[in-house]
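A.B. asks: Got a structure for you, model-v3.cif, holding mmCIF, C-alpha atoms.
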```
data_model
#
loop_
_atom_site.group_PDB
_atom_site.id
_atom_site.type_symbol
_atom_site.label_atom_id
_atom_site.label_comp_id
_atom_site.auth_asym_id
_atom_site.auth_seq_id
_atom_site.Cartn_x
_atom_site.Cartn_y
_atom_site.Cartn_z
ATOM 1 C CA SER A 1 3.481 -24.011 -7.328
ATOM 2 C CA THR A 2 6.192 -26.355 -6.172
ATOM 3 C CA ASN A 3 9.039 -24.354 -7.709
ATOM 4 C CA GLY A 4 7.830 -20.729 -7.872
ATOM 5 C CA SER A 5 7.944 -20.699 -11.673
ATOM 6 C CA ILE A 6 5.195 -23.037 -12.856
ATOM 7 C CA PHE A 7 1.738 -22.568 -11.331
ATOM 8 C CA ASN A 8 -1.325 -24.791 -11.462
ATOM 9 C CA ASN A 9 -4.924 -24.392 -10.288
ATOM 10 C CA ILE A 10 -4.942 -20.656 -11.005
ATOM 11 C CA GLN A 11 -7.856 -18.872 -9.332
ATOM 12 C CA THR A 12 -9.100 -15.316 -9.026
ATOM 13 C CA PHE A 13 -7.884 -13.954 -5.699
ATOM 14 C CA GLN A 14 -10.086 -10.846 -5.757
ATOM 15 C CA ASP A 15 -12.246 -9.532 -8.561
ATOM 16 C CA SER A 16 -12.212 -5.838 -9.481
ATOM 17 C CA SER A 17 -8.882 -5.122 -7.821
ATOM 18 C CA GLY A 18 -5.332 -4.042 -8.574
ATOM 19 C CA VAL A 19 -1.881 -3.345 -7.086
ATOM 20 C CA PRO A 20 -2.021 -6.237 -4.574
ATOM 21 C CA ASN A 21 0.602 -7.121 -2.010
ATOM 22 C CA VAL A 22 0.858 -9.523 0.924
ATOM 23 C CA ILE A 23 2.690 -9.504 4.253
ATOM 24 C CA MET A 24 2.989 -12.069 7.034
ATOM 25 C CA LEU A 25 2.594 -10.930 10.619
ATOM 26 C CA PRO A 26 4.746 -12.457 13.384
ATOM 27 C CA SER A 27 1.646 -14.511 14.332
ATOM 28 C CA GLY A 28 1.653 -16.142 10.875
ATOM 29 C CA VAL A 29 -1.484 -14.308 9.700
ATOM 30 C CA LEU A 30 -1.279 -13.137 6.088
ATOM 31 C CA ILE A 31 -2.732 -9.759 5.097
ATOM 32 C CA SER A 32 -3.277 -8.658 1.519
ATOM 33 C CA ALA A 33 -3.991 -5.038 0.621
ATOM 34 C CA PHE A 34 -5.201 -3.899 -2.791
ATOM 35 C CA GLN A 35 -7.042 -1.142 -4.600
ATOM 36 C CA TRP A 36 -10.671 -2.283 -4.865
ATOM 37 C CA PHE A 37 -12.873 -1.229 -7.772
ATOM 38 C CA ARG A 38 -16.092 -3.159 -7.175
ATOM 39 C CA GLN A 39 -19.071 -1.442 -8.843
ATOM 40 C CA PRO A 40 -21.118 0.650 -8.570
ATOM 41 C CA VAL A 41 -19.007 3.779 -8.920
ATOM 42 C CA GLY A 42 -19.297 5.804 -5.730
ATOM 43 C CA SER A 43 -20.029 2.775 -3.501
ATOM 44 C CA PRO A 44 -17.942 1.974 -0.370
ATOM 45 C CA SER A 45 -16.010 -0.585 -2.451
ATOM 46 C CA TRP A 46 -15.252 1.696 -5.417
ATOM 47 C CA ASP A 47 -11.626 2.867 -5.655
ATOM 48 C CA ARG A 48 -10.849 2.097 -2.020
ATOM 49 C CA VAL A 49 -7.946 0.341 -0.373
ATOM 50 C CA ALA A 50 -9.220 -2.950 1.052
ATOM 51 C CA VAL A 51 -7.654 -5.850 2.934
ATOM 52 C CA LYS A 52 -8.203 -9.586 3.270
ATOM 53 C CA PHE A 53 -6.770 -11.938 5.910
ATOM 54 C CA SER A 54 -5.706 -15.581 5.923
ATOM 55 C CA ASN A 55 -5.035 -17.724 9.002
ATOM 56 C CA ASP A 56 -4.162 -20.868 7.011
ATOM 57 C CA SER A 57 -1.147 -19.900 4.865
ATOM 58 C CA GLY A 58 -3.293 -18.429 2.107
ATOM 59 C CA ILE A 59 -5.561 -21.420 1.496
ATOM 60 C CA SER A 60 -8.636 -19.385 2.433
ATOM 61 C CA TRP A 61 -9.184 -15.643 2.817
ATOM 62 C CA THR A 62 -11.734 -13.396 4.497
ATOM 63 C CA GLN A 63 -14.033 -11.190 2.467
ATOM 64 C CA PRO A 64 -12.486 -7.829 1.511
ATOM 65 C CA GLN A 65 -12.920 -4.979 3.933
ATOM 66 C CA PRO A 66 -12.155 -1.321 3.121
ATOM 67 C CA ILE A 67 -9.568 0.245 5.429
ATOM 68 C CA VAL A 68 -10.028 3.460 7.390
ATOM 69 C CA VAL A 69 -7.204 6.000 7.665
ATOM 70 C CA ASN A 70 -7.836 8.417 10.522
ATOM 71 C CA GLY A 71 -6.155 11.807 10.450
ATOM 72 C CA LEU A 72 -6.079 12.398 6.690
ATOM 73 C CA PRO A 73 -6.364 16.060 5.739
ATOM 74 C CA ALA A 74 -9.916 16.934 4.727
ATOM 75 C CA ASN A 75 -8.796 18.041 1.249
ATOM 76 C CA PHE A 76 -7.183 14.690 0.361
ATOM 77 C CA THR A 77 -9.019 12.491 -2.164
ATOM 78 C CA ARG A 78 -8.408 8.939 -0.850
ATOM 79 C CA PRO A 79 -5.459 6.606 -0.226
ATOM 80 C CA PHE A 80 -4.431 4.588 -3.297
ATOM 81 C CA ASP A 81 -1.627 2.252 -4.429
ATOM 82 C CA PRO A 82 -1.181 0.534 -1.041
ATOM 83 C CA THR A 83 1.801 -1.442 0.146
ATOM 84 C CA LEU A 84 2.084 -3.087 3.559
ATOM 85 C CA ALA A 85 5.010 -3.655 5.905
ATOM 86 C CA VAL A 86 5.499 -5.067 9.392
ATOM 87 C CA THR A 87 7.270 -2.785 11.864
ATOM 88 C CA ASP A 88 9.899 -3.998 14.313
ATOM 89 C CA ASN A 89 7.265 -4.109 17.061
ATOM 90 C CA GLY A 90 4.840 -6.169 14.945
ATOM 91 C CA ARG A 91 2.475 -3.357 13.978
ATOM 92 C CA ILE A 92 1.165 -2.942 10.438
ATOM 93 C CA ARG A 93 2.336 0.055 8.432
ATOM 94 C CA ILE A 94 0.676 0.941 5.157
ATOM 95 C CA PHE A 95 2.371 3.177 2.614
ATOM 96 C CA PHE A 96 0.127 4.814 0.029
ATOM 97 C CA SER A 97 -0.256 7.668 -2.410
ATOM 98 C CA ASP A 98 -2.661 10.525 -1.720
ATOM 99 C CA GLY A 99 -3.143 14.188 -2.448
ATOM 100 C CA MET A 100 -5.661 16.851 -3.318
ATOM 101 C CA ASN A 101 -6.642 15.746 -6.836
ATOM 102 C CA MET A 102 -8.087 12.584 -8.367
ATOM 103 C CA ILE A 103 -5.679 12.871 -11.298
ATOM 104 C CA PRO A 104 -2.181 12.734 -9.803
ATOM 105 C CA ASP A 105 -0.393 16.078 -9.763
ATOM 106 C CA THR A 106 2.374 17.567 -7.591
ATOM 107 C CA SER A 107 0.067 17.428 -4.524
ATOM 108 C CA VAL A 108 0.252 13.601 -4.615
ATOM 109 C CA ASN A 109 2.978 12.135 -2.385
ATOM 110 C CA THR A 110 3.773 8.951 -0.473
ATOM 111 C CA TYR A 111 2.412 8.791 3.090
ATOM 112 C CA SER A 112 2.144 6.112 5.752
ATOM 113 C CA ALA A 113 -0.263 5.093 8.485
ATOM 114 C CA ILE A 114 0.014 2.622 11.357
ATOM 115 C CA SER A 115 -2.407 -0.035 12.635
ATOM 116 C CA ASP A 116 -2.753 -2.843 15.126
ATOM 117 C CA ASP A 117 -5.558 -4.665 13.268
ATOM 118 C CA GLY A 118 -4.860 -3.992 9.563
ATOM 119 C CA ILE A 119 -8.189 -2.207 9.064
ATOM 120 C CA ASN A 120 -8.107 0.917 11.252
ATOM 121 C CA PHE A 121 -5.032 3.030 10.534
ATOM 122 C CA THR A 122 -3.782 6.334 11.921
ATOM 123 C CA LEU A 123 -1.876 8.673 9.631
ATOM 124 C CA GLU A 124 1.747 9.098 10.663
ATOM 125 C CA PRO A 125 3.007 12.711 10.603
ATOM 126 C CA GLY A 126 4.996 13.854 7.600
ATOM 127 C CA ILE A 127 5.477 12.822 4.006
ATOM 128 C CA ARG A 128 7.542 9.704 3.315
ATOM 129 C CA PHE A 129 8.581 10.893 -0.186
ATOM 130 C CA THR A 130 7.787 13.958 -2.274
ATOM 131 C CA LEU A 131 9.076 15.676 -5.392
ATOM 132 C CA PRO A 132 8.537 19.351 -6.245
ATOM 133 C CA ASP A 133 7.778 18.849 -9.930
ATOM 134 C CA ARG A 134 5.808 15.602 -10.260
ATOM 135 C CA PRO A 135 3.415 13.299 -8.419
ATOM 136 C CA VAL A 136 4.819 10.458 -6.315
ATOM 137 C CA ILE A 137 2.804 7.271 -6.832
ATOM 138 C CA ASP A 138 2.963 3.465 -6.557
ATOM 139 C CA PRO A 139 5.150 3.027 -3.472
ATOM 140 C CA ALA A 140 6.802 -0.320 -2.813
ATOM 141 C CA VAL A 141 8.496 -0.973 0.540
ATOM 142 C CA ILE A 142 10.663 -3.670 2.068
ATOM 143 C CA LYS A 143 12.845 -3.898 5.139
ATOM 144 C CA PHE A 144 16.047 -5.664 4.144
ATOM 145 C CA LYS A 145 19.194 -6.149 6.254
ATOM 146 C CA GLY A 146 18.072 -3.576 8.807
ATOM 147 C CA LEU A 147 17.194 -0.812 6.324
ATOM 148 C CA TRP A 148 13.813 0.221 4.977
ATOM 149 C CA HIS A 149 13.758 0.644 1.187
ATOM 150 C CA LEU A 150 11.039 2.730 -0.477
ATOM 151 C CA VAL A 151 10.798 2.670 -4.252
ATOM 152 C CA ASN A 152 8.519 4.833 -6.408
ATOM 153 C CA PRO A 153 8.560 4.567 -10.213
ATOM 154 C CA PHE A 154 9.146 7.685 -12.265
ATOM 155 C CA SER A 155 5.631 9.069 -12.566
ATOM 156 C CA ASN A 156 5.808 9.519 -16.332
ATOM 157 C CA GLN A 157 6.106 5.703 -16.648
ATOM 158 C CA THR A 158 8.170 6.090 -19.849
ATOM 159 C CA SER A 159 11.729 5.999 -18.569
ATOM 160 C CA GLY A 160 11.635 2.616 -16.860
ATOM 161 C CA GLY A 161 13.349 3.905 -13.745
ATOM 162 C CA ALA A 162 12.442 4.498 -10.125
ATOM 163 C CA PHE A 163 13.372 6.616 -7.136
ATOM 164 C CA HIS A 164 15.020 4.615 -4.332
ATOM 165 C CA ASN A 165 14.914 5.872 -0.752
ATOM 166 C CA ILE A 166 16.344 4.325 2.412
ATOM 167 C CA SER A 167 15.512 4.766 6.082
ATOM 168 C CA ASN A 168 16.528 3.386 9.468
ATOM 169 C CA ASP A 169 13.059 3.855 10.989
ATOM 170 C CA GLY A 170 10.619 3.425 8.074
ATOM 171 C CA LEU A 171 9.484 7.039 8.438
ATOM 172 C CA ASN A 172 12.353 9.359 7.470
ATOM 173 C CA PHE A 173 13.680 8.405 4.050
ATOM 174 C CA THR A 174 16.705 9.685 2.155
ATOM 175 C CA ARG A 175 16.814 9.495 -1.641
#
```
Can you dump the structure from the file as structure tokens?
C.D. replies:
Amino acid sequence: STNGSIFNNIQTFQDSSGVPNVIMLPSGVLISAFQWFRQPVGSPSWDRVAVKFSNDSGISWTQPQPIVVNGLPANFTRPFDPTLAVTDNGRIRIFFSDGMNMIPDTSVNTYSAISDDGINFTLEPGIRFTLPDRPVIDPAVIKFKGLWHLVNPFSNQTSGGAFHNISNDGLNFTR
């Protein structure tokens, strides 16, 4: 697109995927994270967060690679609904939903993990956002004018609203 409104030469970025997002590292490398659903069910590419990289402003991309999040509690199902952010020191932070059940319930909250390479992450202590009476899913994050903003839609998806949280450090958010 030349104007951001009209697009030509539309191509599939990644088959069998959803909830994509892209960040640019200080080096200029682009990273895209998404939920990957490549068949067969139960394979390493089924319902996993994966990433792709571009060193040429998004003209070409690497093959998808599932991420690893070290330090997740053993009773968690798997990270889902990823969103990426760059920290002040250039590291890669991923925010995601996770919990103890495949169908989101009150055990599902927003967590974060940190990485230097965009593939191998380490869980950061604590919950970024939780609610006592409903699951917390679909995080979206941006750092804007010195503040981190974390937004999660109402989990019933019928009201059209969202929870908005802010933070100075990207870890401790206030609703």
A.B. asks: Taking all atoms listed in the file into account, name the residue in A:Gly90, A:Val29, A:Phe76, A:Ile137 that is nearest to A:Trp61.
C.D. replies: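 Once distances to A:Trp61 are computed over all atoms listed in the file, the minimum belongs to A:Val29.
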A.B. asks: Just so the selection is clear, what residues does the PyMOL selection byres ((chain A and resi 3-17) around 9) cover here, as a PyMOL selection string?
C.D. replies: chain A and resi 1-2+18-20+34-39+47+61+64
A.B. asks: Go through A:Asn172, A:Asn89, A:Thr130, A:Ser32 and flag the residue nearest A:Gln63, using all atoms listed in the file for the distances.
C.D. replies: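 Counting all atoms listed in the file, the residue closest to A:Gln63 is A:Ser32.
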A.B. asks: Which residues, named as in the file, does the PyMOL selection byres ((chain A and resi 116) around 7) pick out? Answer as a list of chain:residue names.
C.D. replies: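 With the shown file as input, the PyMOL selection byres ((chain A and resi 116) around 7) matches A:Arg91, A:Ile92, A:Ser115, A:Asp117, A:Gly118.
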A.B. asks: If the PyMOL selection byres ((chain A and resi 165) around 9) is run on the structure shown, which residues does it catch, given as an NGL selection string?
C.D. replies: :A and (129 or 148-152 or 163-164 or 166-167 or 173-175)
A.B. asks: What is the distance between atom CA of A:Val108 and atom CA of A:Arg48, in Å to one decimal?
C.D. replies: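 If I compute the distance from atom CA of A:Val108 to atom CA of A:Arg48, I get 16.2 Å.
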A.B. asks: Distance atom CA of A:Gly28-atom CA of A:Ile142, one decimal place?
C.D. replies: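 One can read the atom CA of A:Gly28 to atom CA of A:Ile142 distance as 17.7 Å.
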A.B. asks: So how many Å separate atom CA of A:Val68 and atom CA of A:Ser43, to one decimal?
C.D. replies: 14.8 Å
A.B. asks: Hey, could you pull the box centre and edge lengths for stretch 169-173 of chain A, axis-aligned, 4 Å padding per side, all listed atoms, to one decimal in Å, as JSON?
C.D. replies:
```
{"center_x": 11.6, "center_y": 6.4, "center_z": 7.5, "size_x": 12.2, "size_y": 13.9, "size_z": 14.9}
```
A.B. asks: For A:Val51, which residue among A:Asn101, A:Asn21, A:Thr122, A:Asn70 is the nearest when counting all atoms listed in the file?
C.D. replies: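 With all atoms listed in the file as the atom set, the closest residue is A:Asn21.
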A.B. asks: Pick out the closest residue to A:Met102 from this set: A:Asn120, A:Gly170, A:Phe154, A:Pro79. Count all atoms listed in the file.
C.D. replies: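 Closest to A:Met102, using all atoms listed in the file: A:Pro79.
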A.B. asks: Near A:Ala33, counting only C-alpha atoms, which residues have an atom at most 8 Å away, once you skip same-chain residues fewer than 3 positions from it, shown as an mmCIF file with C-alpha atoms, in the frame of the given file?
C.D. replies:
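Wrote part22.cif, looks like this:
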```
data_model
loop_
_atom_site.group_PDB
_atom_site.id
_atom_site.type_symbol
_atom_site.label_atom_id
_atom_site.label_comp_id
_atom_site.auth_asym_id
_atom_site.auth_seq_id
_atom_site.Cartn_x
_atom_site.Cartn_y
_atom_site.Cartn_z
ATOM 1 C CA PRO A 20 -2.021 -6.237 -4.574
ATOM 2 C CA ASN A 21 0.602 -7.121 -2.010
ATOM 3 C CA VAL A 22 0.858 -9.523 0.924
ATOM 4 C CA VAL A 49 -7.946 0.341 -0.373
ATOM 5 C CA ALA A 50 -9.220 -2.950 1.052
ATOM 6 C CA VAL A 51 -7.654 -5.850 2.934
ATOM 7 C CA LYS A 52 -8.203 -9.586 3.270
ATOM 8 C CA PRO A 82 -1.181 0.534 -1.041
ATOM 9 C CA THR A 83 1.801 -1.442 0.146
ATOM 10 C CA LEU A 84 2.084 -3.087 3.559
#
```
A.B. asks: Go through A:Ile59, A:Ala113, A:Ile119, A:Leu72 and flag the residue nearest A:Phe96, using all atoms listed in the file for the distances.
C.D. replies: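 Closest candidate: A:Ala113.
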A.B. asks: Point out the residue among A:Ala74, A:Asp138, A:Pro66, A:Lys145 with the least atom-to-atom distance to A:Ala162, counting only C-alpha atoms.
C.D. replies: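 So, comparing all the options, the nearest one is A:Asp138.
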A.B. asks: Would you save stretch 63-75 of chain A from the block above with all heavy atoms, as a PDB file, in the first residue's frame?
C.D. replies:
```pdb
ATOM      1  N   GLN A  63      10.541 -19.250   8.008  1.00  0.00           N
ATOM      2  CA  GLN A  63       9.479 -20.217   8.279  1.00  0.00           C
ATOM      3  C   GLN A  63       9.046 -20.078   9.744  1.00  0.00           C
ATOM      4  O   GLN A  63       9.834 -19.692  10.600  1.00  0.00           O
ATOM      5  CB  GLN A  63       9.971 -21.645   8.017  1.00  0.00           C
ATOM      6  CG  GLN A  63      10.208 -21.944   6.548  1.00  0.00           C
ATOM      7  CD  GLN A  63       8.917 -21.821   5.747  1.00  0.00           C
ATOM      8  OE1 GLN A  63       7.891 -22.398   6.079  1.00  0.00           O
ATOM      9  NE2 GLN A  63       8.968 -21.016   4.688  1.00  0.00           N
ATOM     10  N   PRO A  64       7.785 -20.378  10.062  1.00  0.00           N
ATOM     11  CA  PRO A  64       7.332 -20.257  11.440  1.00  0.00           C
ATOM     12  C   PRO A  64       8.060 -21.223  12.365  1.00  0.00           C
ATOM     13  O   PRO A  64       8.415 -22.333  11.961  1.00  0.00           O
ATOM     14  CB  PRO A  64       5.847 -20.584  11.369  1.00  0.00           C
ATOM     15  CG  PRO A  64       5.624 -21.208  10.052  1.00  0.00           C
ATOM     16  CD  PRO A  64       6.736 -20.827   9.157  1.00  0.00           C
ATOM     17  N   GLN A  65       8.266 -20.763  13.578  1.00  0.00           N
ATOM     18  CA  GLN A  65       8.920 -21.580  14.587  1.00  0.00           C
ATOM     19  C   GLN A  65       8.155 -21.429  15.901  1.00  0.00           C
ATOM     20  O   GLN A  65       7.967 -20.307  16.380  1.00  0.00           O
ATOM     21  CB  GLN A  65      10.364 -21.133  14.757  1.00  0.00           C
ATOM     22  CG  GLN A  65      11.155 -22.008  15.665  1.00  0.00           C
ATOM     23  CD  GLN A  65      12.641 -21.688  15.573  1.00  0.00           C
ATOM     24  OE1 GLN A  65      13.093 -20.850  14.789  1.00  0.00           O
ATOM     25  NE2 GLN A  65      13.409 -22.366  16.389  1.00  0.00           N
ATOM     26  N   PRO A  66       7.686 -22.535  16.494  1.00  0.00           N
ATOM     27  CA  PRO A  66       6.996 -22.438  17.779  1.00  0.00           C
ATOM     28  C   PRO A  66       7.927 -21.877  18.853  1.00  0.00           C
ATOM     29  O   PRO A  66       9.119 -22.181  18.876  1.00  0.00           O
ATOM     30  CB  PRO A  66       6.615 -23.883  18.103  1.00  0.00           C
ATOM     31  CG  PRO A  66       6.606 -24.584  16.785  1.00  0.00           C
ATOM     32  CD  PRO A  66       7.687 -23.910  15.975  1.00  0.00           C
ATOM     33  N   ILE A  67       7.381 -21.055  19.737  1.00  0.00           N
ATOM     34  CA  ILE A  67       8.174 -20.505  20.836  1.00  0.00           C
ATOM     35  C   ILE A  67       8.209 -21.509  21.990  1.00  0.00           C
ATOM     36  O   ILE A  67       7.411 -22.446  22.052  1.00  0.00           O
ATOM     37  CB  ILE A  67       7.642 -19.147  21.330  1.00  0.00           C
ATOM     38  CG1 ILE A  67       6.278 -19.305  22.007  1.00  0.00           C
ATOM     39  CG2 ILE A  67       7.603 -18.134  20.198  1.00  0.00           C
ATOM     40  CD1 ILE A  67       5.870 -18.109  22.851  1.00  0.00           C
ATOM     41  N   VAL A  68       9.129 -21.277  22.907  1.00  0.00           N
ATOM     42  CA  VAL A  68       9.236 -22.042  24.138  1.00  0.00           C
ATOM     43  C   VAL A  68       9.157 -21.045  25.282  1.00  0.00           C
ATOM     44  O   VAL A  68       9.854 -20.028  25.266  1.00  0.00           O
ATOM     45  CB  VAL A  68      10.583 -22.798  24.200  1.00  0.00           C
ATOM     46  CG1 VAL A  68      10.758 -23.489  25.537  1.00  0.00           C
ATOM     47  CG2 VAL A  68      10.709 -23.768  23.043  1.00  0.00           C
ATOM     48  N   VAL A  69       8.276 -21.317  26.256  1.00  0.00           N
ATOM     49  CA  VAL A  69       8.191 -20.475  27.447  1.00  0.00           C
ATOM     50  C   VAL A  69       8.625 -21.322  28.636  1.00  0.00           C
ATOM     51  O   VAL A  69       7.907 -22.224  29.064  1.00  0.00           O
ATOM     52  CB  VAL A  69       6.787 -19.900  27.667  1.00  0.00           C
ATOM     53  CG1 VAL A  69       6.751 -19.029  28.925  1.00  0.00           C
ATOM     54  CG2 VAL A  69       6.332 -19.089  26.453  1.00  0.00           C
ATOM     55  N   ASN A  70       9.817 -21.054  29.129  1.00  0.00           N
ATOM     56  CA  ASN A  70      10.348 -21.763  30.292  1.00  0.00           C
ATOM     57  C   ASN A  70       9.767 -21.177  31.561  1.00  0.00           C
ATOM     58  O   ASN A  70       9.572 -19.971  31.663  1.00  0.00           O
ATOM     59  CB  ASN A  70      11.875 -21.652  30.322  1.00  0.00           C
ATOM     60  CG  ASN A  70      12.497 -22.318  29.124  1.00  0.00           C
ATOM     61  OD1 ASN A  70      12.353 -23.508  28.927  1.00  0.00           O
ATOM     62  ND2 ASN A  70      13.174 -21.535  28.305  1.00  0.00           N
ATOM     63  N   GLY A  71       9.481 -22.058  32.524  1.00  0.00           N
ATOM     64  CA  GLY A  71       8.993 -21.612  33.823  1.00  0.00           C
ATOM     65  C   GLY A  71       7.494 -21.597  33.965  1.00  0.00           C
ATOM     66  O   GLY A  71       6.984 -21.164  35.004  1.00  0.00           O
ATOM     67  N   LEU A  72       6.747 -22.066  32.963  1.00  0.00           N
ATOM     68  CA  LEU A  72       5.291 -22.129  33.105  1.00  0.00           C
ATOM     69  C   LEU A  72       4.919 -23.179  34.139  1.00  0.00           C
ATOM     70  O   LEU A  72       5.546 -24.251  34.196  1.00  0.00           O
ATOM     71  CB  LEU A  72       4.632 -22.506  31.772  1.00  0.00           C
ATOM     72  CG  LEU A  72       4.543 -21.426  30.712  1.00  0.00           C
ATOM     73  CD1 LEU A  72       3.998 -22.013  29.419  1.00  0.00           C
ATOM     74  CD2 LEU A  72       3.666 -20.279  31.177  1.00  0.00           C
ATOM     75  N   PRO A  73       3.915 -22.918  34.960  1.00  0.00           N
ATOM     76  CA  PRO A  73       3.462 -23.957  35.882  1.00  0.00           C
ATOM     77  C   PRO A  73       3.055 -25.222  35.124  1.00  0.00           C
ATOM     78  O   PRO A  73       2.502 -25.144  34.019  1.00  0.00           O
ATOM     79  CB  PRO A  73       2.253 -23.307  36.569  1.00  0.00           C
ATOM     80  CG  PRO A  73       2.515 -21.835  36.461  1.00  0.00           C
ATOM     81  CD  PRO A  73       3.200 -21.658  35.132  1.00  0.00           C
ATOM     82  N   ALA A  74       3.318 -26.352  35.708  1.00  0.00           N
ATOM     83  CA  ALA A  74       3.044 -27.636  35.047  1.00  0.00           C
ATOM     84  C   ALA A  74       1.567 -27.829  34.732  1.00  0.00           C
ATOM     85  O   ALA A  74       1.230 -28.531  33.773  1.00  0.00           O
ATOM     86  CB  ALA A  74       3.552 -28.782  35.924  1.00  0.00           C
ATOM     87  N   ASN A  75       0.672 -27.187  35.483  1.00  0.00           N
ATOM     88  CA  ASN A  75      -0.760 -27.386  35.244  1.00  0.00           C
ATOM     89  C   ASN A  75      -1.352 -26.405  34.235  1.00  0.00           C
ATOM     90  O   ASN A  75      -2.552 -26.421  33.981  1.00  0.00           O
ATOM     91  CB  ASN A  75      -1.532 -27.314  36.565  1.00  0.00           C
ATOM     92  CG  ASN A  75      -1.375 -25.976  37.272  1.00  0.00           C
ATOM     93  OD1 ASN A  75      -0.501 -25.167  36.947  1.00  0.00           O
ATOM     94  ND2 ASN A  75      -2.220 -25.743  38.261  1.00  0.00           N
TER      95      ASN A  75
END
```
